[in-house]
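Working notes for the structure below.
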Amino acid sequence: MKSHIQVQLKDGKVKECTQGITVKEVATSIGSSLGKRTVGAKVNGMMVDVSYELMNDATVEFYTLETKEGVEVLRHTTAHVLAQAVKRLYPNVKLGIGPAIEHGFYYDFRLEETWNENNLQRIEAEMRSIIHENLPIEKEIITYEEAMDLFTKRNEPLKLELLEDMKELEALTIYRQGEFVDLCRGPHLPSTGYIKAFQLSHVSGAYWRGDSNQMMLQRIYGYAFPKQIQLKAHLDFLEEARKRDHRKLGKQLQLFMFSDEAPGMPFYLPKGQIIRNELENFSREVQSQANYDEVRTPLMMNQRLWEQSGHWDHYHENMYFTEVDKTKFAMKPMNCPGHMLLYKNNLYSYRDLPIRISEFGQVHRHEYSGALNGILRVRTFCQDDAHIFVRKDQIEAEIAQVFQLIDQVYQTFGFTYDVELSTRPEKSMGEEHLWQSSEQALQNVLQELEAPYQLNEGDGAFYGPKIDFHIKDALGRSHQCATIQLDFQMPENFDLSYIDERNEKVRPVVIHRAIYGSLDRFFGILVEHFAGAFPVWLAPVQVQIIPVSKVHEAYCKSVAIKLKQQGIRVEIDNRDEKLGYKIREAQMQKVPYTLVLGDDEVEKGSVNIRKYGSKASESEPLARFLARIKQQVEKRSL
């Protein structure tokens with residue numbers, strides 16, 4: 001006779017159940033709807049299938065396709081359906097691995113034939129057939145020897161290689177659905193029919209087990225969601241993201257370019273440089289008001305400097321090196337050590353602190369070619385770095401001021417943001433008590449400012465904890481940009497000091513700070529955030545003037561002169577093209593204001609204004625338009 005067990009549910013309620021009851025049966029006993037919707041559960045903290053039998057008292061949390069965990073189970077199962085479809089269509093294919101990922105799934109395959117878009121359509125059609133068959137998905141527990149025998153018979157060498165790392169395991173799990181078998185920990189959906197909305201996206205190359213020394217496989221990616229409407233919303237989002245792609249818009253708007261002569265290193269074209277200059281000028285303005293002194297440090301410094309700073313032990317694999325006059329040098333990956341040398345150049349009293357040093361410093365960091373992504377991920381970029389040297393009693397007040405400075409800048413661009421506090425990483429330097437006091441100081445500031453934040457344990461810099469700011473763009477995507485880092489280590493490494501009120505040498509504390517982070521990356525984010533239609537103050541060309549005919553060119557030139565005298569960036573399109581074509585061209589270039597000037601405007605001394613994105617136009621006196629656009633630029637209006 002079976003005994004009874006106690007099952008504690010998420011809400012704290014306890015159900016008495018018969019030993020051996022399955023997760024699905026428990027869910028059904030609560031409600032038939034819950035039983036149908038449950039696709040997995042967490043039992044005593046472990047993810048399991050709905051067929052899992054409860055033999056002892058346990059805590060159980062059910063997952064449906066409305067939960068994050070349930071969706072992950074859906075996506076993992078869809079990866080198995082993909083593999084089964086590929087096996088049916090290409091019997092000689094060898095199976096790799098196929099996990100769930102954000103928004104979908106992928107599976108790696110070894111096959112001599114190279115797949116293309118037509119192959120994906122065939123595979124997707126076969127997947128729909130498998131889903132329509134509603135095949136039960138069954139878990140089996142087998143021994144290592146049984147697993148080796150099974151995948152040897154099925155001629156799956158990649159699975160056998162995976163098994164080589166599992167010799168010590170007492171039991172392994174496989175999943176079957178129809179004729180398909182895969183080595184997998186699970187959990188999975190009860191059957192393939194639960195899958196309702198998916199789409200294959202693309203195929204790419206992928207090294208086996210992520211190792212560049214291993215063979216190249218073909219990886220098929222796909223999207224999967226519980227409902228068709230969710231899949232459509234995601235595909236619409238991707239289409240909008242493609243329209244906003246900074247690489248596409250950068251070329252269309254003539255902002256920047258790349259060359260094989262400098263892989264991963266952007267070239268800024270005149271229009272792109274105008275935007276960069278505006279970004280730097282804005283940052284200089286707010287930093288000047290906050291009493292920062294701007295400096296410049298060398299791009300290349302002696303290798304021993306990086307050994308002294310600690311970067312050699314923690315970062316040298318990402319650095320570029322050279323040798324001059326039999327001396328080893330390194331291209332700087334960050335500005336910190338140079339600023340330490342600048343501080344050490346002078347003798348400071350406690351009355352002089354805080355010392356605020358800022359720099360738009362060009363840095364170089366090695367990135368693998370596969371990781372490069374336009375100007376969002378490059379090998380050289382401009383970092384808007386600052387280092388603030390403070391007394392211990394000034395730490396919290398100074399960090400609060402930096403926080404407010406970052407907030408001011410982000411509000412100007414219309415960005416909202418999330419805040420994250422990152423603590424000591426495993427690979428770090430310094431004493432534990434200094435880390436604890438540093439982390440507490442950052443926490444105190446966040447609490448004092450009543451700033452909501454998430455704790456990100458173990459993700460601080462190697463020299464100190466940090467506060468990171470994640471901005472949200474127009475599509476809701478998150479980008480980590482600004483950072484505030486507290487550092488007790490570098491002042492020690494560089495023997496920095498100031499004279500206190502007792503005339504004794506004391507170590508300062510350093511606050512590392514960036515607002516844009518990478519100016520290049522921030523530029524790319526802005527391109528996509530504004531879809532290339534920059535606010536007037538940032539736009540490379542703020543006003544495009546189009547004469548109706550040749551006889552109106554003189555008036556166009558006089559208007560252009562008046563605009564330029566007020567600092568407005570203006571161009572005249574006097575090409576021998578049709579008027580409609582030139583107006584469309586200005587819209588394609590996303591110029592904020594297009595002025596079409598003809599007889600009526602010449603006679604009245606006015607301008608006919610077409611604002612970007614609007615089909616309608618309006619007329620007003622030139623003086624009024626001048627005043628309006630000048631105010632928008634000065635206020636940096638959105």
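The chains in the structure tokens are called A, B, ... from first to last as shown; in each chain the residues are counted from 1, and the ligands are counted from 1 in the order shown.
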Counting only C-alpha atoms, which residues of stretch 414-483 of chain A fall within 12 Å of stretch 383-390 of chain A, and what is the closest atom pair for each with its distance in Å at one decimal, ordered by chain and rising number, as CSV?
```
residue,atom,partner,partner_atom,distance
A:Cys481,CA,A:Gln383,CA,10.5
A:Ala482,CA,A:Asp384,CA,9.6
A:Thr483,CA,A:Asp385,CA,9.8
```
* Write down as JSON, numbers by chain the residues of stretch 351-584 of chain A whose backbone DSSP state falls under strand (DSSP E). => {"A": [355, 356, 357, 358, 359, 360, 361, 362, 363, 364, 380, 381, 382, 383, 384, 385, 386, 387, 388, 389, 390, 416, 417, 418, 419, 420, 421, 422, 454, 455, 456, 466, 467, 468, 469, 470, 471, 472, 478, 479, 480, 481, 482, 483, 484, 485, 486, 487, 498, 499, 505, 506, 509, 510, 511, 512, 513, 514, 515, 516, 517, 518, 543, 544, 545, 546, 547, 570, 571, 572]}
Applying 12 Å and only C-alpha atoms, which residues near stretch 33-36 of chain A remain after dropping the ones on its own chain fewer than 2 positions away? List them as a short mmCIF file (atom, residue, chain, number, x, y, z; two decimals) with N, CA and C atoms, in the first residue's frame.
```cif
data_model
loop_
_atom_site.label_atom_id
_atom_site.label_comp_id
_atom_site.auth_asym_id
_atom_site.auth_seq_id
_atom_site.Cartn_x
_atom_site.Cartn_y
_atom_site.Cartn_z
N THR A 22 2.41 11.89 -10.12
CA THR A 22 3.22 12.70 -11.05
C THR A 22 2.92 14.18 -10.86
N VAL A 23 3.83 15.00 -11.37
CA VAL A 23 3.65 16.44 -11.33
C VAL A 23 2.34 16.83 -12.01
N LYS A 24 2.07 16.23 -13.17
CA LYS A 24 0.84 16.56 -13.90
C LYS A 24 -0.40 16.21 -13.09
N GLU A 25 -0.36 15.08 -12.40
CA GLU A 25 -1.50 14.66 -11.59
C GLU A 25 -1.73 15.61 -10.42
N VAL A 26 -0.65 16.10 -9.82
CA VAL A 26 -0.80 17.08 -8.74
C VAL A 26 -1.45 18.34 -9.28
N ALA A 27 -0.95 18.82 -10.44
CA ALA A 27 -1.50 20.03 -11.04
C ALA A 27 -2.97 19.84 -11.39
N THR A 28 -3.33 18.68 -11.92
CA THR A 28 -4.72 18.40 -12.30
C THR A 28 -5.62 18.34 -11.07
N SER A 29 -5.07 17.84 -9.95
CA SER A 29 -5.87 17.77 -8.72
C SER A 29 -6.21 19.15 -8.18
N ILE A 30 -5.40 20.13 -8.53
CA ILE A 30 -5.69 21.50 -8.13
C ILE A 30 -6.74 22.11 -9.04
N GLY A 31 -6.65 21.78 -10.34
CA GLY A 31 -7.60 22.28 -11.33
C GLY A 31 -7.30 21.68 -12.68
N THR A 38 0.11 22.96 -17.53
CA THR A 38 1.43 22.73 -16.92
C THR A 38 2.35 21.99 -17.89
N VAL A 39 3.54 22.54 -18.10
CA VAL A 39 4.52 21.92 -19.02
C VAL A 39 5.80 21.52 -18.30
N GLY A 40 5.89 21.81 -17.02
CA GLY A 40 7.08 21.47 -16.25
C GLY A 40 6.91 21.97 -14.83
N ALA A 41 7.88 21.67 -13.99
CA ALA A 41 7.80 22.11 -12.60
C ALA A 41 9.19 22.16 -12.00
N VAL A 50 6.61 16.96 -16.54
CA VAL A 50 5.32 16.74 -15.89
C VAL A 50 5.13 15.28 -15.51
N SER A 51 5.93 14.38 -16.11
CA SER A 51 5.81 12.94 -15.79
C SER A 51 6.63 12.56 -14.55
N GLU A 61 6.69 23.86 -7.67
CA GLU A 61 6.25 25.08 -8.35
C GLU A 61 5.99 24.72 -9.80
N PHE A 62 4.75 24.92 -10.25
CA PHE A 62 4.36 24.55 -11.61
C PHE A 62 4.73 25.65 -12.61
N TYR A 63 5.06 25.19 -13.85
CA TYR A 63 5.36 26.14 -14.92
C TYR A 63 4.44 25.90 -16.10
N THR A 64 3.87 26.98 -16.60
CA THR A 64 3.03 26.93 -17.79
C THR A 64 3.73 27.75 -18.88
N LEU A 65 3.11 27.83 -20.04
CA LEU A 65 3.70 28.62 -21.12
C LEU A 65 3.53 30.11 -20.89
N GLU A 66 2.92 30.49 -19.77
CA GLU A 66 2.85 31.91 -19.38
C GLU A 66 4.02 32.29 -18.49
N LEU A 189 8.56 19.41 -23.13
CA LEU A 189 7.11 19.42 -23.18
C LEU A 189 6.58 17.99 -23.17
N PRO A 190 5.31 17.79 -22.78
CA PRO A 190 4.74 16.42 -22.81
C PRO A 190 4.69 15.83 -24.21
N SER A 191 4.44 16.67 -25.23
CA SER A 191 4.39 16.16 -26.60
C SER A 191 4.72 17.29 -27.57
N TYR A 194 2.37 20.62 -28.39
CA TYR A 194 2.29 21.83 -27.57
C TYR A 194 2.90 23.04 -28.27
#
```
* To do: Compile the contact shell of A:Leu82 as a ChimeraX atom specification: residues with an atom at most 12 Å away, counting only C-alpha atoms, same-chain residues fewer than 6 positions apart removed.
  => /A:75-76,88-90,95,97-100,104-109,120-131,177,180,182,192,195,198-200,219-224
Per residue of stretch 353-430 of chain A within 10 Å of stretch 279-303 of chain A, record the nearest atom pair and its distance in Å to one decimal, counting only C-alpha atoms, with rows in chain order and ascending residue number, as JSON lines.
```
{"residue": "A:Pro354", "atom": "CA", "partner": "A:Asn291", "partner_atom": "CA", "distance": 9.8}
{"residue": "A:Ile355", "atom": "CA", "partner": "A:Tyr292", "partner_atom": "CA", "distance": 7.9}
{"residue": "A:Arg356", "atom": "CA", "partner": "A:Tyr292", "partner_atom": "CA", "distance": 4.8}
{"residue": "A:Ile357", "atom": "CA", "partner": "A:Asp293", "partner_atom": "CA", "distance": 5.1}
{"residue": "A:Ser358", "atom": "CA", "partner": "A:Glu294", "partner_atom": "CA", "distance": 4.7}
{"residue": "A:Glu359", "atom": "CA", "partner": "A:Val295", "partner_atom": "CA", "distance": 5.4}
{"residue": "A:Phe360", "atom": "CA", "partner": "A:Arg296", "partner_atom": "CA", "distance": 7.5}
{"residue": "A:Gly361", "atom": "CA", "partner": "A:Arg296", "partner_atom": "CA", "distance": 7.0}
{"residue": "A:Gln362", "atom": "CA", "partner": "A:Leu299", "partner_atom": "CA", "distance": 6.9}
{"residue": "A:Val363", "atom": "CA", "partner": "A:Leu299", "partner_atom": "CA", "distance": 7.0}
{"residue": "A:His364", "atom": "CA", "partner": "A:Leu299", "partner_atom": "CA", "distance": 8.5}
{"residue": "A:Asp384", "atom": "CA", "partner": "A:Glu280", "partner_atom": "CA", "distance": 8.5}
{"residue": "A:Asp385", "atom": "CA", "partner": "A:Glu294", "partner_atom": "CA", "distance": 9.9}
{"residue": "A:Ala386", "atom": "CA", "partner": "A:Tyr292", "partner_atom": "CA", "distance": 8.4}
{"residue": "A:His387", "atom": "CA", "partner": "A:Tyr292", "partner_atom": "CA", "distance": 9.4}
{"residue": "A:Ile388", "atom": "CA", "partner": "A:Tyr292", "partner_atom": "CA", "distance": 8.8}
{"residue": "A:Gln401", "atom": "CA", "partner": "A:Ala290", "partner_atom": "CA", "distance": 8.6}
{"residue": "A:Val402", "atom": "CA", "partner": "A:Ala290", "partner_atom": "CA", "distance": 9.0}
{"residue": "A:Leu405", "atom": "CA", "partner": "A:Val286", "partner_atom": "CA", "distance": 7.6}
{"residue": "A:Ile406", "atom": "CA", "partner": "A:Val286", "partner_atom": "CA", "distance": 9.8}
{"residue": "A:Gln408", "atom": "CA", "partner": "A:Val286", "partner_atom": "CA", "distance": 8.6}
{"residue": "A:Val409", "atom": "CA", "partner": "A:Ser283", "partner_atom": "CA", "distance": 7.8}
{"residue": "A:Thr412", "atom": "CA", "partner": "A:Phe282", "partner_atom": "CA", "distance": 9.9}
```
* To do: Report as number ranges by chain: the residues of stretch 68-275 of chain A with a DSSP assignment of alpha helix (DSSP H), based on the backbone of this structure.
  => A: 68-89, 117-133, 144-153, 157-163, 228-244, 246-252, 270-275
* Excluding A:His366 and any residue of its chain fewer than 2 positions from it, enumerate the residues within 10 Å of it, using only C-alpha atoms, and give them as a VMD selection string. => chain A and resid 264 316 to 320 333 364 368 to 369 378 to 380
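Take atom CA of A:Gln436 and atom CA of A:Leu353: the distance between them is 23.4 Å.
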